[in-house]
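Remarks on the structure that follows.
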Amino acid sequence: MERLRLIGIAAALPLIGACGVTARLEPYKQTNAVISAGEHVVVLARKQHSTHEAEEDFVQCISDGLADGKHGLQVHSSKDFEDKMYPWFEPSTAPLSTEDLTVLLARPGVAEQVRETGVRYVVWVDGSTDRVASGGGITCAAGVGGAGCMGLAWWEDDSRYDLTVWDVKDSENEGTIYADYKGRSVMPAIVIPIPLITRPQNHACKGLTDQLRQFLTTPEGYSSPATQAAG
């Protein structure tokens, strides 16, 4: 059986080139604002778009990435922020623009609640990871001589996300970061199916986290390659 597995792996090697992730990142910063010591950032999923609501684990991935490392930022818990600001950031009442945010902060007690959290920047995450294409097929059969599979299946996932950064102190839209990560996975089967899986969402999390950290700590004018291979 091990010999058959090695044969399958050897036959699948030429197909590895079909796997991988292609990335497109487009940061746009409108101001020179940067986060200061003692100021917090909170990352929230924009919940009004129910068909393209950013996954909770993706939002958490970005939050953890921003806080990680020697130079990690002060990141406020998303759930804790929503609980403290209840009901203002619930799906039916959360602001959709900086104009709405200005109106919200003018409500009695709301601005004070925000100051108590220490949050200066709210990062809205909009988007999702979806299966956009698939094809091929694998057939398996068993007989007197044993069992085996033959064929090739493939699928493509697309991780598209928009990050919008709001300054809640000055009620300003600081800019956006757009990301589109496409990944193709294949599963060749020569006796034994061998999945060669790419995970564009993981790459999108890392790419957006790196860009967001730079966005919050570097004045206006930084740039990033628009398109790149992501492994």
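Residues in the structure tokens are numbered from 1 in each chain, the chains being A, B, ... in the order shown, and ligands are numbered from 1 in the order shown.
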
Item to check | Polymer residues at most 6 Å from A:Gly137, only C-alpha atoms, same-chain spacing of 3 or more positions, as a PyMOL selection string | outcome: chain A and resi 151-153

Those same residues - C-alpha atoms - I'd like them written as a compact mmCIF listing (two decimals), in the first residue's frame.
```txt
# COMPACT_ATOMS: atom_id res chain seq x y z
CA GLY A 151 -9.44 10.97 -11.67
CA LEU A 152 -8.88 14.60 -10.78
CA ALA A 153 -11.11 17.03 -8.90
```

Next on the checklist: Among stretch 42-160 of chain A, which residues does DSSP mark as strand (DSSP E) when it is run on the backbone? Keep the chain and numbering as in the structure and answer as a ChimeraX atom specification.
Outcome noted: /A:42-45,75-76,119-143,146-160

Restrict the selected residues to C-alpha atoms and save them as a PDB file, in the first residue's frame.
```
ATOM      1  CA  VAL A  42     -11.540  47.352  17.455  1.00  0.00           C
ATOM      2  CA  VAL A  43     -12.302  45.105  14.480  1.00  0.00           C
ATOM      3  CA  LEU A  44     -15.988  44.481  13.761  1.00  0.00           C
ATOM      4  CA  ALA A  45     -17.927  42.569  11.108  1.00  0.00           C
ATOM      5  CA  VAL A  75      -6.854  45.705  20.264  1.00  0.00           C
ATOM      6  CA  HIS A  76     -10.202  45.834  22.022  1.00  0.00           C
ATOM      7  CA  VAL A 119     -11.213  52.780  21.229  1.00  0.00           C
ATOM      8  CA  ARG A 120      -9.999  55.400  18.755  1.00  0.00           C
ATOM      9  CA  TYR A 121     -10.363  53.421  15.519  1.00  0.00           C
ATOM     10  CA  VAL A 122     -13.171  51.126  14.404  1.00  0.00           C
ATOM     11  CA  VAL A 123     -12.304  48.777  11.557  1.00  0.00           C
ATOM     12  CA  TRP A 124     -15.328  47.472   9.664  1.00  0.00           C
ATOM     13  CA  VAL A 125     -14.794  44.170   7.843  1.00  0.00           C
ATOM     14  CA  ASP A 126     -17.111  43.403   4.942  1.00  0.00           C
ATOM     15  CA  GLY A 127     -16.840  40.357   2.691  1.00  0.00           C
ATOM     16  CA  SER A 128     -16.618  36.587   2.724  1.00  0.00           C
ATOM     17  CA  THR A 129     -14.888  33.511   1.330  1.00  0.00           C
ATOM     18  CA  ASP A 130     -16.912  31.640  -1.282  1.00  0.00           C
ATOM     19  CA  ARG A 131     -16.532  28.625  -3.548  1.00  0.00           C
ATOM     20  CA  VAL A 132     -16.580  30.146  -7.037  1.00  0.00           C
ATOM     21  CA  ALA A 133     -15.731  27.220  -9.298  1.00  0.00           C
ATOM     22  CA  SER A 134     -15.156  23.475  -9.273  1.00  0.00           C
ATOM     23  CA  GLY A 135     -14.796  20.651 -11.725  1.00  0.00           C
ATOM     24  CA  GLY A 136     -13.378  17.264 -12.586  1.00  0.00           C
ATOM     25  CA  GLY A 137     -14.266  14.076 -10.835  1.00  0.00           C
ATOM     26  CA  ILE A 138     -12.948  10.968  -9.114  1.00  0.00           C
ATOM     27  CA  THR A 139     -14.253   7.430  -9.431  1.00  0.00           C
ATOM     28  CA  CYS A 140     -13.423   4.589  -7.074  1.00  0.00           C
ATOM     29  CA  ALA A 141     -13.956   0.879  -7.501  1.00  0.00           C
ATOM     30  CA  ALA A 142     -13.209  -2.333  -5.643  1.00  0.00           C
ATOM     31  CA  GLY A 143     -12.506  -5.723  -7.182  1.00  0.00           C
ATOM     32  CA  GLY A 146      -8.108  -4.600  -4.510  1.00  0.00           C
ATOM     33  CA  ALA A 147      -9.590  -1.124  -4.495  1.00  0.00           C
ATOM     34  CA  GLY A 148      -8.473   2.135  -6.047  1.00  0.00           C
ATOM     35  CA  CYS A 149      -9.518   5.536  -7.336  1.00  0.00           C
ATOM     36  CA  MET A 150      -8.802   7.421 -10.532  1.00  0.00           C
ATOM     37  CA  GLY A 151      -9.441  10.974 -11.673  1.00  0.00           C
ATOM     38  CA  LEU A 152      -8.880  14.595 -10.783  1.00  0.00           C
ATOM     39  CA  ALA A 153     -11.107  17.034  -8.900  1.00  0.00           C
ATOM     40  CA  TRP A 154     -10.430  20.740  -8.432  1.00  0.00           C
ATOM     41  CA  TRP A 155     -12.075  23.730  -6.833  1.00  0.00           C
ATOM     42  CA  GLU A 156     -11.420  27.443  -6.466  1.00  0.00           C
ATOM     43  CA  ASP A 157     -12.192  29.623  -3.437  1.00  0.00           C
ATOM     44  CA  ASP A 158     -12.284  33.419  -3.514  1.00  0.00           C
ATOM     45  CA  SER A 159     -11.702  35.519  -0.382  1.00  0.00           C
ATOM     46  CA  ARG A 160     -12.849  39.088  -0.949  1.00  0.00           C
TER      47      ARG A 160
END
```

Checklist entry - Where in stretch 57-204 of chain A does DSSP assign alpha helix (DSSP H), given as an NGL selection string? => result :A and (57-67 or 78-84 or 98-105 or 110-117 or 200-204)

Could the residues in this selection be written to a file with C-alpha atoms, as a short mmCIF file (atom, residue, chain, number, x, y, z; two decimals), in the first residue's frame?
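Output saved as result-v9.cif:
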```cif
data_model
loop_
_atom_site.label_atom_id
_atom_site.label_comp_id
_atom_site.auth_asym_id
_atom_site.auth_seq_id
_atom_site.Cartn_x
_atom_site.Cartn_y
_atom_site.Cartn_z
CA ASP A 57 -13.23 33.61 12.97
CA PHE A 58 -11.84 35.85 10.20
CA VAL A 59 -12.52 38.98 12.26
CA GLN A 60 -10.87 37.30 15.25
CA CYS A 61 -7.89 36.32 13.10
CA ILE A 62 -7.26 39.95 12.17
CA SER A 63 -7.71 41.09 15.78
CA ASP A 64 -5.25 38.49 17.05
CA GLY A 65 -2.75 39.34 14.32
CA LEU A 66 -2.81 43.06 15.15
CA ALA A 67 -2.22 42.38 18.84
CA SER A 78 -15.01 42.85 19.41
CA LYS A 79 -17.60 41.14 21.58
CA ASP A 80 -16.74 43.25 24.61
CA PHE A 81 -17.03 46.44 22.56
CA GLU A 82 -20.43 45.45 21.15
CA ASP A 83 -21.65 44.51 24.63
CA LYS A 84 -20.48 47.80 26.15
CA THR A 98 -19.25 58.45 9.15
CA GLU A 99 -22.24 60.77 8.91
CA ASP A 100 -24.31 58.16 10.75
CA LEU A 101 -21.47 57.79 13.24
CA THR A 102 -21.49 61.54 13.90
CA VAL A 103 -25.22 61.41 14.61
CA LEU A 104 -24.74 58.39 16.87
CA LEU A 105 -21.94 60.01 18.88
CA VAL A 110 -22.69 57.44 23.56
CA ALA A 111 -19.45 59.39 23.13
CA GLU A 112 -18.70 58.86 26.81
CA GLN A 113 -19.18 55.10 26.44
CA VAL A 114 -16.76 55.04 23.50
CA ARG A 115 -14.13 56.99 25.46
CA GLU A 116 -14.44 54.52 28.33
CA THR A 117 -13.49 51.65 25.99
CA PRO A 200 -6.95 31.80 0.55
CA GLN A 201 -8.76 33.00 3.66
CA ASN A 202 -5.65 32.33 5.78
CA HIS A 203 -3.55 34.32 3.31
CA ALA A 204 -6.16 37.10 3.25
#
```

Checklist entry - In Å, how far is it from atom CA of A:Leu73 to atom CA of A:Gly175? => result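 Result for atom CA of A:Leu73 versus atom CA of A:Gly175: 18.5 Å, one decimal.
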
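The space between atom CA of A:Gly118 and atom CA of A:Gly38 spans 7.4 Å.
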
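Take atom CA of A:Lys70 and atom CA of A:Tyr181: the distance between them is 27.5 Å.
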